[in-house]
Amino acid sequence: MFNFSMELNGQTIAFFALAVCVITGAVLMLNFTKVVHMVVSLAFSFVGLAGIYVLLEAEFVAFVQVLVYAGAISILMIFGIMMTRHDKQDEVIMKPWKEALAAIGCLALFGVLFFAIRGTQFPTPADKPLSEDNTLALGKLLFTEHVIPFELLSVLLTVAFIGAIVLAKNDDPTSINPSSALTDQSSVSASEPLSSGLQQLQEPPKGGNPT
Amino acid sequence: MSTMLASFLTLAAILFCIGLYGVLTKRSAVIVLLSIELMLNAVNLNLVAFSKYGVVPSLKGQVFSLFNIAIAAAEAAVGVAILIALYRNRGTANVDEYDDLRR
Amino acid sequence: METVFSQYAWAIPTIPLLAFLVLTALGRQIKGAASLLGLLSSLAALVLSVLVLTERWSPDAEVYSHSIDWVNLGEVTLRVGYELTNLNVLMLIVVTIVSTLVNLYAKGYMEGDDRQHVFFAYIALFTSSMLGLVVSPNLLQLYMFWELVGACSFLLIGFWYDRPAARAAAKKAFIVTRIGDVGLLIAILLLFWQMPDHSLDFSVIQTVFQSGDSLAQHGITAGIATWIASLIFIGAMGKSGQFPLHTWLPDAMEGPTPISALIHAATMVAAGVYLVARTFSIFHVSPTAMAIVAGIGGFTAIFAATIGLAQRDIKRILAYSTVSQLGYMMMALGLGAVTAGVFHLFTHAFFKALLFLGAGSVIHAVHTQDIFQMGGLGRKMKVTTWTFAIGAMALSGIPPFSGFWSKDAILAAAWEQDHKLLFVIGVLAAFFTAFYMARLFFVAFTGKPADDQIYQQAHESPSSMTIPLVVLAVLALIAGFVYTPFNGQFGIWLTGEPAEDHANVLVMIISVAAGVCGVLLGYVLYRPGQSQRVDKLEQAAAPLFRVLERKYYIDELYNWLIVRPLRVIGKGLDIIDRYVVDGLVRFISAFVDGWGRTSTRVQNGQLQTYGIVSLFGFVALVLLMLALGRGFW
């Protein structure tokens with residue numbers, strides 16, 4: 001049922017190296033005590049994932065991954081950390097039973113998924129590249145077949161962008177909260193990386209579209 | 001080649017479970033949001049892997065993952081905005097101190 | 001003969017029933033008028049009964065029967081109605097007379113009781129049920145009224161329900177008679193199964209069971225007939241306090257004394273005798289059943305009489321005397337002497353009611369029931385004493401009082417039928433009866449007062465109580481002349497058969513001798529003027545006396561044999577109920593409760609906890625799908 005044997009070629013080695021990077025980043029995220037370290041380790045994990053995407057002939061997705069995740073979202077999160085206080089909370093350990101239960105649940109879920117994956121006979125696909133020029137093909141697809149979802153997504157992003165500003169803006173200038181001054185400034189700056197990330201997301205297809 | 005697909009899927013499952021564990025156990029709301037991103041990444045990895053090794057290899061999987069990344073970005077932005085608003089109101093960014101559901 | 005009044009015989013039970021309804025509906029508001037209403041209803045029934053009797057004066061008066069359909073069950077029709085035979089009418093007269101006098105008596109006796117209206121309502125209901133029982137044309141209707149009088153008896157014994165003894169006695173009476181009632185019910189079912197057309201009418205029963213030939217003609221075997229007769233007799237045993245179901249009757253004396261007179265001396269307990277007499281044809285075809293009836297009757301007669309020797313409670317002495325006399329009647333029926341048995345029922349009703357009412361009058365005056373605390377009451381309560389003396393002599397069988405004639409008729413029947421054993425038993429019982437009545441009378445009414453305080457408060461009862469005493473005393477005196485050895489008309493009137501000449505001088509002499517000896521012995525032992533107020537008999541034979549006083553330990557025996565095991569079973573069931581059934585319930589409630597508590601802990605408002613729970617739920621669902629369907633991969 002389980003077949004772990006695989007041919008040892010360049011692709012496999014690359015996959016394992018990258019997978020180790022990704023998992024290491026993720027596990028370090030769980031184990032670090034400082035929040036900023038967590039974010040950085042996760043960014044590392046995201047970059048590793050970008051490499052995995054390249055292995056999967058998804059160069060454009062890998063590119064976007066680096067831009068949006070490793071770049072924009074990580075920066076956004078670091079800003080979020082800066083906006084809030086994280087002095088001592090991280091040292092306080094969670095209730096042990098909760099961690100144990102979560103671990104058991106996650107392991108059980110992984111077990112189920114693993115058995116499902118290992119137990120499935122996947123068809124052998126045609127061994128030919130998906131496209132000559134990945135970015136070109138994706139651009140064509142996005143602007144022909146998937147143009148309506150694409151435009152809807154841009155509307156959604158705009159809404160999210162405006163919503164984020166509205167949510168984070170401090171309506172009450174006389175707020176007695178000590179951190180109000182800080183958050184006031186941050187509400188604008190926090191959305192900046194997001195918007196730049198969005199631009200980065202939307203730009204490449206446009207730029208990469210030769211037509 | 002099918003074993004490769006299985007390896008990618010397993011990696012995705014590992015990432016998903018790690019993300020889930022982070023969501024369920026981390027106190028810092030920012031890290032919880034990041035863990036959610038990790039879970040979304042695991043899904044993206046699945047999509048891209050299937051786009052290459054699926055029954056019908058196609059670029060549509062990558063298109064989907066692109067949409068997914070865009071939505072994840074929007075979610076992260078709104079999530080951080082909500083987090084900041086909450087922090088302003090409650091004076092804390094710890095998830096276990098948000099228990100409004102009980103009231 | 002004209003049957004003008006017989007047509008309205010249905011009104012005889014109905015009038016007291018109406019009185020009961022009115023009394024119940026009006027309740028407390030009626031208060032003082034309750035006794036009047038009860039009295040009037042009984043009196044109306046009495047008048048009507050007498051009028052009916054005048055129409056049935058001749059021995060060959062036809063049976064007047066009228067029934068309407070009650071329930072149609074396919075081919076079977078259950079009917080209700082009324083039937084008048086000479087036996088019925090005699091019972092009607094007895095019941096209505098005693099009921100009327102008891103109503104009058106109770107007016108004085110129950111004066112000042114808060115629940116008078118309830119008391120008279122119960123009496124009216126009882127009278128109605130008893131009259132209904134008497135006029136029933138079929139066994140099923142009789143059974144309904146049979147149970148009704150049982151219920152009334154229960155209610156009236158437990159009338160003073162704040163006394164634990166009264167409650168216990170009421171329950172005992174109800175349960176013990178119920179044992180007999182089951183026998184009767186089975187007998188009715190057997191009859192219903194066996195009789196042609198499922199008829200339960202007495203007239204049909206009489207025709208079918210006329211002789212062995214007619215029985216065979218209808219396909220009823222002699223064995224079945226014996227079974228039916230025996231089961232009917234079990235019912236009669238319960239109601240009439242025959243051994244071994246006699247234990248409830250002495251305890252029933254916890255009820256008010258007028259009730260003891262009406263229900264537990266004159267009428268209801270005689271219902272068993274009446275039932276046997278009414279269905280006598282069934283017994284007649286079965287010699288075994290006859291032997292059982294005679295044997296049990298004779299045994300009860302001597303058995304209860306000996307217990308009566310050692311009792312100190314005036315009402316209990318009379319109660320055992322009642323049991324004994326009922327045994328006499330049963331013995332007579334068992335010997336085939338229906339006339340003698342019913343005749344004894346007739347006379348006994350009067351003199352025993354008289355004795356009970358006299359005892360009630362004494363209790364009313366001195367507020368004690370122990371005869372050894374009384375004494376010398378004769379000087380203070382002239383009317384009561386004299387009437388009681390008449391009753392006692394009638395019961396003791398001293399001529400010319402009524403008891404002598406009826407008892408003599410029974411003894412003569414035993415003699416004639418060559419049942420020497422039963423004859424000896426009868427004579428011995430008569431002797432004991434005379435003895436304990438003499439003991440009772442001399443200890444309670446003559447001699448020096450035992451207790452000055454009690455003696456001081458003694459007084460003659462009001463006229464409403466003494467008038468019934470006088471009337472009953474007259475009846476006790478003259479009722480015997482209805483059927484003397486020299487006048488057999490009563491027998492012909494009652495049974496339609498020419499009475500045998502039962503004038504037997506030898507029997508009469510023995511009977512009188514037994515009575516007189518008993519009285520004399522009683523006088524010698526308990527004669528007035530003795531300094532010591534002790535029970536001579538107790539001194540003479542202490543161990544034997546102890547056995548008698550404890551009523552042969554029958555109650556204790558039942559307690560050990562029946563009550564205790566039942567209690568043990570009950571305890572066992574209780575434990576099962578408490579720990580198994582309740583335990584299950586409690587476990588479920590505790591489980592739900594604990595589950596709820598756990599759930600509230602889970603509902604802590606923290607998203608991550610919810611997430612963990614959801615995760616577990618999801619995994620569990622997936623695993624369940626795998627386990628159930630294996631349709632996952």
# chains A, B, ... in the order shown; residues from 1 in each chain; ligands from 1

call {"tool": "interface_residues", "arguments": {"of": "chain B", "to": "chain A", "cutoff": "7 Å", "atoms": "only C-alpha atoms", "output": "short mmCIF file (atom, residue, chain, number, x, y, z; two decimals) with all heavy atoms, in the first residue's frame"}}
result
data_model
loop_
_atom_site.label_atom_id
_atom_site.label_comp_id
_atom_site.auth_asym_id
_atom_site.auth_seq_id
_atom_site.Cartn_x
_atom_site.Cartn_y
_atom_site.Cartn_z
N MET B 1 6.09 8.70 -11.13
CA MET B 1 5.95 10.08 -10.73
C MET B 1 4.92 10.25 -9.63
O MET B 1 4.83 11.26 -8.97
CB MET B 1 5.53 10.95 -11.93
CG MET B 1 6.75 11.45 -12.70
SD MET B 1 8.13 11.89 -11.66
CE MET B 1 8.84 13.20 -12.57
N SER B 2 4.05 9.26 -9.53
CA SER B 2 2.98 9.41 -8.56
C SER B 2 3.53 9.50 -7.15
O SER B 2 2.94 10.15 -6.29
CB SER B 2 2.03 8.21 -8.64
OG SER B 2 2.75 7.04 -8.31
N THR B 3 4.66 8.88 -6.90
CA THR B 3 5.23 8.99 -5.56
C THR B 3 5.62 10.43 -5.25
O THR B 3 5.57 10.86 -4.11
CB THR B 3 6.45 8.08 -5.43
OG1 THR B 3 7.30 8.31 -6.55
CG2 THR B 3 6.03 6.63 -5.36
N ALA B 6 2.62 12.17 -4.04
CA ALA B 6 2.34 11.81 -2.66
C ALA B 6 3.26 12.56 -1.71
O ALA B 6 2.83 13.02 -0.65
CB ALA B 6 2.50 10.30 -2.47
N LEU B 9 2.01 16.08 -1.36
CA LEU B 9 0.78 16.11 -0.55
C LEU B 9 1.11 15.90 0.92
O LEU B 9 0.53 16.54 1.80
CB LEU B 9 -0.21 15.05 -1.02
CG LEU B 9 -0.79 15.25 -2.43
CD1 LEU B 9 -1.83 14.18 -2.71
CD2 LEU B 9 -1.40 16.62 -2.56
N THR B 10 2.05 15.01 1.18
CA THR B 10 2.42 14.78 2.57
C THR B 10 3.03 16.04 3.19
O THR B 10 2.71 16.42 4.31
CB THR B 10 3.42 13.62 2.66
OG1 THR B 10 2.91 12.51 1.95
CG2 THR B 10 3.66 13.24 4.10
N LEU B 11 3.88 16.68 2.41
CA LEU B 11 4.46 17.93 2.88
C LEU B 11 3.35 18.94 3.19
O LEU B 11 3.35 19.61 4.24
CB LEU B 11 5.41 18.49 1.82
CG LEU B 11 6.04 19.84 2.16
CD1 LEU B 11 6.88 19.74 3.42
CD2 LEU B 11 6.87 20.37 1.00
N ALA B 13 0.29 18.26 3.98
CA ALA B 13 -0.43 17.84 5.18
C ALA B 13 0.35 18.21 6.43
O ALA B 13 -0.21 18.70 7.41
CB ALA B 13 -0.67 16.33 5.15
N ILE B 14 1.68 18.03 6.38
CA ILE B 14 2.50 18.39 7.54
C ILE B 14 2.36 19.88 7.83
O ILE B 14 2.11 20.30 8.97
CB ILE B 14 3.98 18.01 7.29
CG1 ILE B 14 4.12 16.49 7.24
CG2 ILE B 14 4.88 18.59 8.37
CD1 ILE B 14 5.50 16.03 6.78
N LEU B 15 2.48 20.67 6.78
CA LEU B 15 2.37 22.12 6.96
C LEU B 15 1.00 22.49 7.53
O LEU B 15 0.88 23.31 8.44
CB LEU B 15 2.58 22.83 5.63
CG LEU B 15 4.03 22.95 5.16
CD1 LEU B 15 4.08 23.76 3.88
CD2 LEU B 15 4.87 23.59 6.22
N CYS B 17 -1.00 20.72 9.32
CA CYS B 17 -1.17 20.32 10.71
C CYS B 17 -0.35 21.21 11.64
O CYS B 17 -0.81 21.58 12.72
CB CYS B 17 -0.78 18.85 10.90
SG CYS B 17 -2.01 17.77 10.16
N ILE B 18 0.83 21.59 11.19
CA ILE B 18 1.62 22.49 12.01
C ILE B 18 0.87 23.82 12.16
O ILE B 18 0.76 24.39 13.26
CB ILE B 18 3.01 22.70 11.40
CG1 ILE B 18 3.82 21.41 11.53
CG2 ILE B 18 3.75 23.84 12.09
CD1 ILE B 18 5.15 21.47 10.83
N LEU B 20 -2.29 24.30 11.92
CA LEU B 20 -3.46 24.09 12.77
C LEU B 20 -3.06 24.09 14.24
O LEU B 20 -3.72 24.71 15.08
CB LEU B 20 -4.12 22.76 12.40
CG LEU B 20 -5.44 22.44 13.09
CD1 LEU B 20 -6.45 23.50 12.75
CD2 LEU B 20 -5.93 21.08 12.66
N TYR B 21 -1.95 23.41 14.51
CA TYR B 21 -1.48 23.37 15.90
C TYR B 21 -1.17 24.78 16.39
O TYR B 21 -1.53 25.15 17.51
CB TYR B 21 -0.24 22.48 15.98
CG TYR B 21 0.33 22.37 17.36
CD1 TYR B 21 -0.27 21.56 18.30
CD2 TYR B 21 1.47 23.09 17.73
CE1 TYR B 21 0.24 21.45 19.58
CE2 TYR B 21 1.99 23.00 19.00
CZ TYR B 21 1.37 22.18 19.92
OH TYR B 21 1.87 22.09 21.19
N GLY B 22 -0.54 25.56 15.51
CA GLY B 22 -0.24 26.94 15.89
C GLY B 22 -1.51 27.72 16.16
O GLY B 22 -1.61 28.45 17.15
N LEU B 24 -4.29 26.64 17.17
CA LEU B 24 -4.99 26.17 18.37
C LEU B 24 -4.24 26.47 19.65
O LEU B 24 -4.82 26.46 20.72
CB LEU B 24 -5.25 24.66 18.26
CG LEU B 24 -6.26 24.26 17.18
CD1 LEU B 24 -6.43 22.76 17.18
CD2 LEU B 24 -7.58 24.96 17.38
N THR B 25 -2.93 26.67 19.58
CA THR B 25 -2.19 26.78 20.83
C THR B 25 -1.53 28.14 21.05
O THR B 25 -1.27 28.50 22.19
CB THR B 25 -1.10 25.71 20.91
OG1 THR B 25 -0.28 25.80 19.76
CG2 THR B 25 -1.70 24.33 20.99
N VAL B 30 -1.20 37.59 16.51
CA VAL B 30 -0.45 37.75 15.27
C VAL B 30 0.04 36.39 14.77
O VAL B 30 -0.07 36.06 13.59
CB VAL B 30 0.74 38.70 15.51
CG1 VAL B 30 1.55 38.84 14.24
CG2 VAL B 30 0.25 40.04 15.99
N VAL B 48 -1.11 23.47 -6.46
CA VAL B 48 -0.05 23.51 -7.48
C VAL B 48 0.44 22.10 -7.79
O VAL B 48 0.68 21.75 -8.95
CB VAL B 48 1.10 24.42 -6.98
CG1 VAL B 48 2.26 24.37 -7.96
CG2 VAL B 48 0.61 25.83 -6.81
N ALA B 49 0.54 21.27 -6.75
CA ALA B 49 0.99 19.91 -6.97
C ALA B 49 0.02 19.15 -7.86
O ALA B 49 0.42 18.45 -8.79
CB ALA B 49 1.16 19.19 -5.64
N LYS B 52 0.25 19.95 -11.55
CA LYS B 52 1.27 19.28 -12.35
C LYS B 52 1.05 17.77 -12.41
O LYS B 52 1.15 17.17 -13.47
CB LYS B 52 2.65 19.56 -11.75
CG LYS B 52 3.78 18.88 -12.52
CD LYS B 52 5.11 19.45 -12.14
CE LYS B 52 6.27 18.62 -12.71
NZ LYS B 52 6.22 18.46 -14.16
N TYR B 53 0.69 17.16 -11.30
CA TYR B 53 0.65 15.69 -11.25
C TYR B 53 -0.77 15.13 -11.20
O TYR B 53 -0.96 13.95 -10.97
CB TYR B 53 1.41 15.19 -10.01
CG TYR B 53 2.88 15.48 -10.05
CD1 TYR B 53 3.48 16.27 -9.11
CD2 TYR B 53 3.67 14.91 -11.07
CE1 TYR B 53 4.83 16.53 -9.14
CE2 TYR B 53 5.02 15.18 -11.11
CZ TYR B 53 5.61 15.98 -10.16
OH TYR B 53 6.93 16.22 -10.21
N GLY B 54 -1.74 15.99 -11.42
CA GLY B 54 -3.13 15.53 -11.30
C GLY B 54 -3.52 14.62 -12.44
O GLY B 54 -2.72 14.31 -13.32
N VAL B 55 -4.77 14.21 -12.45
CA VAL B 55 -5.27 13.33 -13.51
C VAL B 55 -5.18 14.06 -14.84
O VAL B 55 -4.75 13.50 -15.84
CB VAL B 55 -6.73 12.93 -13.21
CG1 VAL B 55 -7.23 11.99 -14.27
CG2 VAL B 55 -6.83 12.35 -11.82
N PRO B 57 -3.34 17.23 -16.00
CA PRO B 57 -2.44 18.35 -15.67
C PRO B 57 -2.89 19.62 -16.38
O PRO B 57 -3.22 19.58 -17.56
CB PRO B 57 -1.08 17.88 -16.19
CG PRO B 57 -1.21 16.41 -16.29
CD PRO B 57 -2.62 16.11 -16.63
N SER B 58 -2.95 20.71 -15.61
CA SER B 58 -3.48 21.93 -16.21
C SER B 58 -2.99 23.11 -15.39
O SER B 58 -2.68 23.00 -14.20
CB SER B 58 -5.01 21.88 -16.22
OG SER B 58 -5.53 23.18 -16.12
N LEU B 59 -2.96 24.26 -16.03
CA LEU B 59 -2.52 25.47 -15.35
C LEU B 59 -3.58 26.02 -14.41
O LEU B 59 -3.32 26.93 -13.64
CB LEU B 59 -2.15 26.53 -16.39
CG LEU B 59 -0.72 26.45 -16.94
CD1 LEU B 59 -0.50 27.55 -17.96
CD2 LEU B 59 0.29 26.57 -15.82
N GLN B 62 -2.79 26.42 -10.87
CA GLN B 62 -1.96 27.57 -10.49
C GLN B 62 -2.80 28.84 -10.43
O GLN B 62 -2.59 29.69 -9.57
CB GLN B 62 -0.82 27.71 -11.49
CG GLN B 62 0.10 26.50 -11.43
CD GLN B 62 1.30 26.65 -12.33
OE1 GLN B 62 1.61 27.73 -12.84
NE2 GLN B 62 2.00 25.53 -12.54
N VAL B 63 -3.77 28.96 -11.36
CA VAL B 63 -4.66 30.12 -11.32
C VAL B 63 -5.39 30.16 -9.99
O VAL B 63 -5.49 31.20 -9.32
CB VAL B 63 -5.65 30.07 -12.49
CG1 VAL B 63 -6.66 31.19 -12.36
CG2 VAL B 63 -4.93 30.15 -13.82
N LEU B 66 -3.25 31.32 -7.28
CA LEU B 66 -3.05 32.77 -7.34
C LEU B 66 -4.21 33.49 -6.65
O LEU B 66 -4.02 34.39 -5.83
CB LEU B 66 -2.92 33.23 -8.79
CG LEU B 66 -1.57 32.97 -9.44
CD1 LEU B 66 -1.59 33.41 -10.90
CD2 LEU B 66 -0.48 33.69 -8.69
N ALA B 73 -3.99 37.35 1.22
CA ALA B 73 -3.44 38.68 1.50
C ALA B 73 -4.53 39.58 2.06
O ALA B 73 -4.33 40.28 3.07
CB ALA B 73 -2.86 39.27 0.23
N ALA B 74 -5.71 39.55 1.41
CA ALA B 74 -6.82 40.37 1.90
C ALA B 74 -7.17 39.98 3.33
O ALA B 74 -7.37 40.83 4.20
CB ALA B 74 -8.04 40.20 1.00
N ALA B 76 -5.27 38.59 5.55
CA ALA B 76 -4.24 39.02 6.49
C ALA B 76 -4.40 40.50 6.80
O ALA B 76 -4.33 40.90 7.98
CB ALA B 76 -2.87 38.75 5.90
N ALA B 77 -4.68 41.30 5.78
CA ALA B 77 -4.84 42.73 6.01
C ALA B 77 -6.01 42.99 6.95
O ALA B 77 -5.88 43.69 7.96
CB ALA B 77 -5.06 43.44 4.68
N VAL B 78 -7.16 42.41 6.62
CA VAL B 78 -8.34 42.62 7.47
C VAL B 78 -8.09 42.06 8.86
O VAL B 78 -8.45 42.68 9.87
CB VAL B 78 -9.57 41.98 6.82
CG1 VAL B 78 -10.76 42.07 7.73
CG2 VAL B 78 -9.87 42.64 5.51
N VAL B 80 -5.26 41.73 10.52
CA VAL B 80 -4.40 42.60 11.32
C VAL B 80 -5.17 43.86 11.73
O VAL B 80 -5.04 44.34 12.87
CB VAL B 80 -3.12 42.93 10.54
CG1 VAL B 80 -2.33 44.05 11.24
CG2 VAL B 80 -2.26 41.70 10.42
N ALA B 81 -6.00 44.37 10.83
CA ALA B 81 -6.81 45.54 11.18
C ALA B 81 -7.73 45.24 12.36
O ALA B 81 -7.83 46.01 13.32
CB ALA B 81 -7.62 45.99 9.97
N ILE B 82 -8.39 44.10 12.29
CA ILE B 82 -9.28 43.71 13.40
C ILE B 82 -8.47 43.55 14.68
O ILE B 82 -8.88 43.99 15.75
CB ILE B 82 -10.02 42.40 13.05
CG1 ILE B 82 -11.04 42.65 11.95
CG2 ILE B 82 -10.72 41.84 14.28
CD1 ILE B 82 -11.69 41.39 11.44
N ILE B 84 -5.78 45.02 15.53
CA ILE B 84 -5.39 46.31 16.09
C ILE B 84 -6.58 46.98 16.76
O ILE B 84 -6.46 47.54 17.87
CB ILE B 84 -4.78 47.17 14.97
CG1 ILE B 84 -3.39 46.63 14.66
CG2 ILE B 84 -4.69 48.62 15.40
CD1 ILE B 84 -2.82 47.16 13.39
N ALA B 85 -7.74 46.88 16.10
CA ALA B 85 -8.93 47.46 16.73
C ALA B 85 -9.22 46.79 18.07
O ALA B 85 -9.52 47.45 19.07
CB ALA B 85 -10.13 47.30 15.80
N TYR B 87 -7.09 45.27 19.96
CA TYR B 87 -6.05 45.63 20.92
C TYR B 87 -6.34 46.99 21.52
O TYR B 87 -6.15 47.21 22.72
CB TYR B 87 -4.69 45.63 20.22
CG TYR B 87 -3.55 45.99 21.12
CD1 TYR B 87 -3.11 45.09 22.09
CD2 TYR B 87 -2.93 47.24 21.05
CE1 TYR B 87 -2.07 45.41 22.94
CE2 TYR B 87 -1.90 47.58 21.89
CZ TYR B 87 -1.47 46.66 22.83
OH TYR B 87 -0.44 46.98 23.67
N ARG B 88 -6.84 47.88 20.68
CA ARG B 88 -7.19 49.19 21.21
C ARG B 88 -8.29 49.10 22.26
O ARG B 88 -8.29 49.80 23.25
CB ARG B 88 -7.62 50.10 20.06
CG ARG B 88 -6.88 51.41 20.12
CD ARG B 88 -7.22 52.41 19.09
NE ARG B 88 -8.23 52.02 18.14
CZ ARG B 88 -7.99 51.98 16.82
NH1 ARG B 88 -6.78 52.22 16.36
NH2 ARG B 88 -8.95 51.67 15.99
N ALA B 93 -3.25 41.57 23.10
CA ALA B 93 -3.28 40.87 21.81
C ALA B 93 -3.25 39.37 22.04
O ALA B 93 -2.86 38.62 21.16
CB ALA B 93 -2.10 41.33 20.95
#

call {"tool": "interface_residues", "arguments": {"of": "chain B", "to": "chain C", "cutoff": "10 Å", "atoms": "only C-alpha atoms", "output": "count of residues only"}}
result
18

call {"tool": "interface_residues", "arguments": {"of": "chain C", "to": "chain A", "cutoff": "10 Å", "atoms": "only C-alpha atoms", "output": "PyMOL selection string"}}
result
chain C and resi 608-609+611-620+622-623+626+632-633

call {"tool": "write_last_selection", "arguments": {"atoms": "N, CA and C atoms", "output": "PDB file, in the first residue's frame"}}
result
ATOM      1  N   GLN C 608      -9.932  29.103  20.637  1.00  0.00           N
ATOM      2  CA  GLN C 608      -9.019  27.979  20.426  1.00  0.00           C
ATOM      3  C   GLN C 608      -9.577  26.689  21.007  1.00  0.00           C
ATOM      4  N   THR C 609     -10.258  26.830  22.145  1.00  0.00           N
ATOM      5  CA  THR C 609     -10.892  25.636  22.703  1.00  0.00           C
ATOM      6  C   THR C 609     -11.938  25.098  21.737  1.00  0.00           C
ATOM      7  N   GLY C 611     -11.930  25.471  18.662  1.00  0.00           N
ATOM      8  CA  GLY C 611     -11.209  24.892  17.544  1.00  0.00           C
ATOM      9  C   GLY C 611     -10.780  23.473  17.844  1.00  0.00           C
ATOM     10  N   ILE C 612     -10.271  23.262  19.051  1.00  0.00           N
ATOM     11  CA  ILE C 612      -9.836  21.903  19.414  1.00  0.00           C
ATOM     12  C   ILE C 612     -11.016  20.944  19.381  1.00  0.00           C
ATOM     13  N   VAL C 613     -12.119  21.408  19.950  1.00  0.00           N
ATOM     14  CA  VAL C 613     -13.304  20.542  19.975  1.00  0.00           C
ATOM     15  C   VAL C 613     -13.752  20.223  18.556  1.00  0.00           C
ATOM     16  N   SER C 614     -13.775  21.245  17.706  1.00  0.00           N
ATOM     17  CA  SER C 614     -14.191  21.015  16.325  1.00  0.00           C
ATOM     18  C   SER C 614     -13.243  20.039  15.641  1.00  0.00           C
ATOM     19  N   LEU C 615     -11.962  20.205  15.917  1.00  0.00           N
ATOM     20  CA  LEU C 615     -10.980  19.319  15.306  1.00  0.00           C
ATOM     21  C   LEU C 615     -11.236  17.876  15.695  1.00  0.00           C
ATOM     22  N   PHE C 616     -11.480  17.691  17.001  1.00  0.00           N
ATOM     23  CA  PHE C 616     -11.767  16.322  17.455  1.00  0.00           C
ATOM     24  C   PHE C 616     -13.038  15.794  16.813  1.00  0.00           C
ATOM     25  N   GLY C 617     -14.033  16.671  16.725  1.00  0.00           N
ATOM     26  CA  GLY C 617     -15.279  16.239  16.097  1.00  0.00           C
ATOM     27  C   GLY C 617     -15.045  15.832  14.661  1.00  0.00           C
ATOM     28  N   PHE C 618     -14.243  16.618  13.968  1.00  0.00           N
ATOM     29  CA  PHE C 618     -13.991  16.311  12.558  1.00  0.00           C
ATOM     30  C   PHE C 618     -13.266  14.983  12.410  1.00  0.00           C
ATOM     31  N   VAL C 619     -12.224  14.832  13.225  1.00  0.00           N
ATOM     32  CA  VAL C 619     -11.456  13.585  13.140  1.00  0.00           C
ATOM     33  C   VAL C 619     -12.342  12.392  13.477  1.00  0.00           C
ATOM     34  N   ALA C 620     -13.174  12.588  14.524  1.00  0.00           N
ATOM     35  CA  ALA C 620     -14.053  11.489  14.917  1.00  0.00           C
ATOM     36  C   ALA C 620     -15.012  11.149  13.787  1.00  0.00           C
ATOM     37  N   VAL C 622     -14.566  11.569  10.579  1.00  0.00           N
ATOM     38  CA  VAL C 622     -13.841  10.899   9.501  1.00  0.00           C
ATOM     39  C   VAL C 622     -13.594   9.440   9.870  1.00  0.00           C
ATOM     40  N   LEU C 623     -13.147   9.236  11.128  1.00  0.00           N
ATOM     41  CA  LEU C 623     -12.879   7.864  11.561  1.00  0.00           C
ATOM     42  C   LEU C 623     -14.164   7.044  11.548  1.00  0.00           C
ATOM     43  N   LEU C 626     -14.918   6.005   8.158  1.00  0.00           N
ATOM     44  CA  LEU C 626     -14.028   4.908   7.797  1.00  0.00           C
ATOM     45  C   LEU C 626     -14.519   3.606   8.382  1.00  0.00           C
ATOM     46  N   PHE C 632     -13.969   5.371   2.210  1.00  0.00           N
ATOM     47  CA  PHE C 632     -13.138   6.559   2.097  1.00  0.00           C
ATOM     48  C   PHE C 632     -12.035   6.351   1.077  1.00  0.00           C
ATOM     49  N   TRP C 633     -11.389   5.245   1.145  1.00  0.00           N
ATOM     50  CA  TRP C 633     -10.430   4.898   0.084  1.00  0.00           C
ATOM     51  C   TRP C 633     -10.333   3.421  -0.088  1.00  0.00           C
TER      52      TRP C 633
END

call {"tool": "closest_residue", "arguments": {"among": "C:Gly480, C:Gly241, C:Gly334, C:Pro13", "to": "C:Ala319", "atoms": "only C-alpha atoms"}}
result
C:Gly241

call {"tool": "decode", "arguments": {"residues": "stretch 59-70 of chain A", "atoms": "C-alpha atoms", "output": "mmCIF file, in the first residue's frame"}}
result
data_model
loop_
_atom_site.group_PDB
_atom_site.id
_atom_site.type_symbol
_atom_site.label_atom_id
_atom_site.label_comp_id
_atom_site.auth_asym_id
_atom_site.auth_seq_id
_atom_site.Cartn_x
_atom_site.Cartn_y
_atom_site.Cartn_z
ATOM 1 C CA GLU A 59 7.455 29.780 -11.555
ATOM 2 C CA PHE A 60 4.970 32.588 -11.513
ATOM 3 C CA VAL A 61 3.261 31.278 -8.377
ATOM 4 C CA ALA A 62 6.672 30.957 -6.747
ATOM 5 C CA PHE A 63 7.381 34.557 -7.643
ATOM 6 C CA VAL A 64 4.097 35.739 -6.212
ATOM 7 C CA GLN A 65 4.716 33.622 -3.149
ATOM 8 C CA VAL A 66 7.952 35.378 -2.440
ATOM 9 C CA LEU A 67 6.436 38.778 -3.031
ATOM 10 C CA VAL A 68 3.201 38.370 -1.124
ATOM 11 C CA TYR A 69 4.017 35.925 1.641
ATOM 12 C CA ALA A 70 7.699 36.237 2.305
#
